[in-house]
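**Q** This structure is in structure tokens; I'll ask about it shortly.
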Amino acid sequence: MKPAIPSGTRDFSPWDVAKRNYIFSVLKETFERYGYQPIETPAMENLETLTGKYGEEGDKLIFRILNSGEFFIDFLDEYINKKYFSNRSRPVSFKESFSNITLDALKKYLNTYNIVLDVKLLSSELTKFVSEKALRYDLTVPFARYVVQHQHEITFPFKRYQMQPVWRADRPQKGRYREFYQCDVDVIGSNSLLNEVELLQMVNEIFGELLPAINFSIKINNRKILKGFAELIGLKDRLEELTNILDKSEKTGVEKTVEELREKNLAGESNIAQVKQYIEKNLTASGSNEKIKYLQELFTGSPDGVQGLQEIDFVLKYAENLNIPVALDMVLARGLNYYTGVICEVKPVAVTLSSSICGGGRYDDLTGIFGLPGVSGVGVSFGIERIIDVMNELNLFNKLSLTVSSSKVLFVNFGPAEEKFCLPLVSTVRSAGINAELYPDHAKIKKQFEYADKKKIPYVAIVGSEEMQSGMITLKEMKTGEQKKMTVEQMIQELKNSL
């Protein structure tokens, strides 16, 4: 068998983990400085918890988990009985008919009782029967479920952060994986737009530290603005389809966007001009103020649009006061059904990766799905793998002097007597807070030195017969080759001073 991993997943070697842990540390320090607390939720959720929250396309990307046991045989037996023997008694069940259940046995049973299976219906029913759980698609929906279940244990507004992997059955490509880490930070139980401003502060601080060598763009919009525009052109009931197309318009261009609207019968010719003007204004406006003025004139009769503009104006003014570089993007949609207000997205500039590396928004009633209505929340999510890809491309990790956790001193192993003598010494060094190890085999000293060199262990402790008799240790610095004889206490002090 040739070893391989599933498409869209990756192994992380020690240096990869060091890079990821560095980013985690920057996020964690920032989150906690702003008063956010950590939580964790299970890797799997009940399927019904996840479905219906991400839109039709999102639901298709959920990784379902098969139930354990001979579920197919049990399901088939139950399905046949319910579908074909509901009004007559069944002489014998399919499951009881054969001790060795094979495809031929199934065909024989179906022919005996004149049963014709509806494959399409069977497949639909089977999916529900064989899978009751799924891997989490994101961290926001599990967080909403958590809040409802633990509502009497937490203090509102509840400020939490969460750093765990999520899974999506997506088509793997550069910057897009099937298993990846998300780092979410949310506040729930408050309607204040100051929460949006605070999140943008954190986003700006974090990327100012992680990506100092390049510019990054922070764009915001409001789902109410998109809703208002959909109402204006008569597409209130097809909001999701419209926003998905608008969201791609910067990449596809105006003409292709209009062409797709026509193909899907989303806009009549009378509204095509408005759609084109809307997209072109987003591309050509000199700044957020010009866009807001345009939208104010557009939304004179739309309560949703007007409210969305007021919220955006508030956030933009506070962001400007705090020197946060935020711009209004009128087509930004964030294609998740649960967003209801301000949304944001961060993209790197001047790198090959064009996908967002951070995004989020306001969700007014996500907890209502789980029985706790009227609890508004807002949050953003950081895509760790994409951030790593960007930093790798720009060689930013090389400037950080990252280190992989390793031993600071290796004790050479000359044989049974020496290893027995060295074990208590190694324990003493470790008790002093210094990473240390004893080479496990009685190998040639050259091989042991090569091992220390490859693992970048800076010191080697040599304890042979002479050292055992004198009670001294020969400490060799690998970089310079310098050797000194000293007691274990002196060696500990030497290591602490040098490290």
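Order determines the names: the first chain of the structure tokens is A, the second B, and so forth; residues in each chain are numbered 1 upward, and ligands are numbered 1 upward as they are shown.
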Using DSSP assignments from the backbone, pull out every residue in range 58-254 of chain A that falls under alpha helix (DSSP H) and give it to me as a PyMOL selection string.

**A** chain A and resi 58-60+71-84+94-97+103-112+119-130+140-149+194-210+223-232+239-247+249-252+254

**Q** Determine which residues of range 218-358 of chain A DSSP labels as strand (DSSP E or B) from the backbone of this structure, then write them out as a PyMOL selection string.

**A** chain A and resi 218-222+326-328+342-348+358

**Q** Let's have the selection written as a short mmCIF file (atom, residue, chain, number, x, y, z; two decimals), in the first residue's frame, with N, CA and C atoms.

**A**
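Now in again26.cif:
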```cif
data_model
loop_
_atom_site.label_atom_id
_atom_site.label_comp_id
_atom_site.auth_asym_id
_atom_site.auth_seq_id
_atom_site.Cartn_x
_atom_site.Cartn_y
_atom_site.Cartn_z
N ILE A 218 -9.22 45.84 4.17
CA ILE A 218 -10.38 45.47 4.99
C ILE A 218 -11.61 46.09 4.33
N LYS A 219 -12.49 45.25 3.88
CA LYS A 219 -13.70 45.73 3.22
C LYS A 219 -14.92 45.37 4.06
N ILE A 220 -15.91 46.27 4.07
CA ILE A 220 -17.14 45.99 4.80
C ILE A 220 -18.35 46.29 3.92
N ASN A 221 -19.45 45.68 4.28
CA ASN A 221 -20.74 45.94 3.64
C ASN A 221 -21.81 45.61 4.67
N ASN A 222 -23.07 45.66 4.26
CA ASN A 222 -24.17 45.32 5.15
C ASN A 222 -25.18 44.50 4.36
N VAL A 326 -10.53 51.00 6.51
CA VAL A 326 -11.71 50.23 6.11
C VAL A 326 -12.36 50.91 4.91
N ALA A 327 -12.84 50.09 3.95
CA ALA A 327 -13.52 50.64 2.77
C ALA A 327 -14.84 49.90 2.54
N LEU A 328 -15.84 50.62 2.07
CA LEU A 328 -17.13 50.03 1.74
C LEU A 328 -17.05 49.31 0.40
N VAL A 342 -23.85 44.13 9.35
CA VAL A 342 -22.52 44.47 8.86
C VAL A 342 -21.71 43.20 8.62
N ILE A 343 -21.03 43.14 7.49
CA ILE A 343 -20.14 42.01 7.17
C ILE A 343 -18.78 42.59 6.78
N CYS A 344 -17.74 41.80 6.95
CA CYS A 344 -16.40 42.29 6.61
C CYS A 344 -15.56 41.17 6.01
N GLU A 345 -14.51 41.57 5.32
CA GLU A 345 -13.61 40.60 4.69
C GLU A 345 -12.23 41.23 4.55
N VAL A 346 -11.20 40.43 4.79
CA VAL A 346 -9.81 40.90 4.66
C VAL A 346 -9.13 40.10 3.56
N LYS A 347 -8.47 40.80 2.65
CA LYS A 347 -7.73 40.12 1.58
C LYS A 347 -6.30 40.68 1.54
N PRO A 348 -5.33 39.81 1.25
CA PRO A 348 -3.95 40.29 1.10
C PRO A 348 -3.77 40.99 -0.23
N CYS A 358 -9.63 36.49 6.18
CA CYS A 358 -10.40 36.76 7.40
C CYS A 358 -11.75 37.31 6.96
#
```

**Q** Mind checking which residues fall within 10 Å of Ile457 in chain A, counting only C-alpha atoms, ignoring those fewer than 6 positions away in the same chain, and posting them as a list in words?

**A**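 Final neighbour list, sorted by chain and number: Ser406, Ser407, Lys408, Val409, Leu410, Asn435, Ala436, Glu437, Phe449, Tyr451, Glu477, Met478 and Lys479 of chain A.
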
**Q** Enumerate, in order of chain and increasing residue number, the residues of range 348-461 of chain A with an atom no farther than 7 Å from range 18-35 of chain A, each with its shortest atom pair and distance in Å to one decimal, counting only C-alpha atoms, as CSV.

**A**
```
residue,atom,partner,partner_atom,distance
A:Leu402,CA,A:Ala18,CA,7.0
A:Thr403,CA,A:Ala18,CA,6.9
A:Val404,CA,A:Ala18,CA,5.9
```

**Q** Which residue is closest to Ile384 in chain A? Choose from A:Thr428, A:Thr367, A:Ser356, A:Ser465 and count only C-alpha atoms.

**A**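 The answer is A:Ser356, which sits nearest to Ile384 in chain A.
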
**Q** A:Asp453, A:Asp329, A:Glu280, A:Glu393: which is nearest Asp247 in chain A, counting only C-alpha atoms?

**A**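 Answer, going by the shortest atom-to-atom distance: A:Asp329.
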
**Q** Can you pull out every residue within 6 Å of Tyr161 in chain A, counting only C-alpha atoms, but drop anything in the same chain fewer than 4 positions away, and send it as a CSV table (one decimal) with C-alpha atoms, in the first residue's frame?

**A**
```csv
chain,number,residue,atom,x,y,z
A,37,GLN,CA,-12.4,33.9,26.7
A,38,PRO,CA,-11.6,30.5,25.0
A,184,ASP,CA,-13.1,32.7,15.5
A,185,VAL,CA,-13.7,35.6,17.8
```

**Q** For range 226-236 of chain A, find every residue with an atom within 6 Å (counting only C-alpha atoms), except residues of its own chain fewer than 6 positions away, and show them as a ChimeraX atom specification.

**A** /A:271,302,304-305

**Q** Please dump the current selection as a PDB file, in the first residue's frame; keep N, CA and C atoms.

**A**
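And here is the file that came out, selection-v3.pdb:
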```
ATOM      1  N   ASN A 271     -34.219  46.292 -15.393  1.00  0.00           N
ATOM      2  CA  ASN A 271     -33.372  46.400 -14.203  1.00  0.00           C
ATOM      3  C   ASN A 271     -31.885  46.179 -14.490  1.00  0.00           C
ATOM      4  N   SER A 302     -36.528  52.429   0.795  1.00  0.00           N
ATOM      5  CA  SER A 302     -36.213  51.097   1.312  1.00  0.00           C
ATOM      6  C   SER A 302     -35.762  51.187   2.768  1.00  0.00           C
ATOM      7  N   ASP A 304     -34.910  48.780   4.816  1.00  0.00           N
ATOM      8  CA  ASP A 304     -33.732  47.927   5.033  1.00  0.00           C
ATOM      9  C   ASP A 304     -32.473  48.609   4.527  1.00  0.00           C
ATOM     10  N   GLY A 305     -32.551  49.156   3.315  1.00  0.00           N
ATOM     11  CA  GLY A 305     -31.391  49.811   2.738  1.00  0.00           C
ATOM     12  C   GLY A 305     -30.939  51.011   3.556  1.00  0.00           C
TER      13      GLY A 305
END
```

**Q** State, in Å with one decimal place, the distance from CA of Glu489 in chain A to CA of Met472 in chain A.

**A** 10.0 Å

**Q** Go through A:Asn392, A:Asn323, A:Gln448, A:Ser431 and flag the residue nearest Phe414 in chain A, using only C-alpha atoms for the distances.

**A**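 Among A:Asn392, A:Asn323, A:Gln448, A:Ser431, it is A:Gln448 that comes nearest to Phe414 in chain A.
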
**Q** Which of these residues is nearest to Thr155 in chain A, using only C-alpha atoms: A:Ala105, A:Ile369, A:Glu132, A:Gly189?

**A**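 That would be A:Gly189, the residue with the smallest distance to Thr155 in chain A.
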
**Q** Give the answer as one residue: which of A:Val315, A:Val141, A:Leu211, A:Pro14 has the shortest atom-to-atom distance to Leu400 in chain A, using only C-alpha atoms?

**A**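 When distances to Leu400 in chain A are compared using only C-alpha atoms, the smallest one comes from A:Leu211.
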
**Q** Record the distance separating CA of Pro165 in chain A and CA of Phe207 in chain A, expressed in Å with one decimal.

**A**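 So the two atoms, CA of Pro165 in chain A and CA of Phe207 in chain A, lie 20.7 Å apart.
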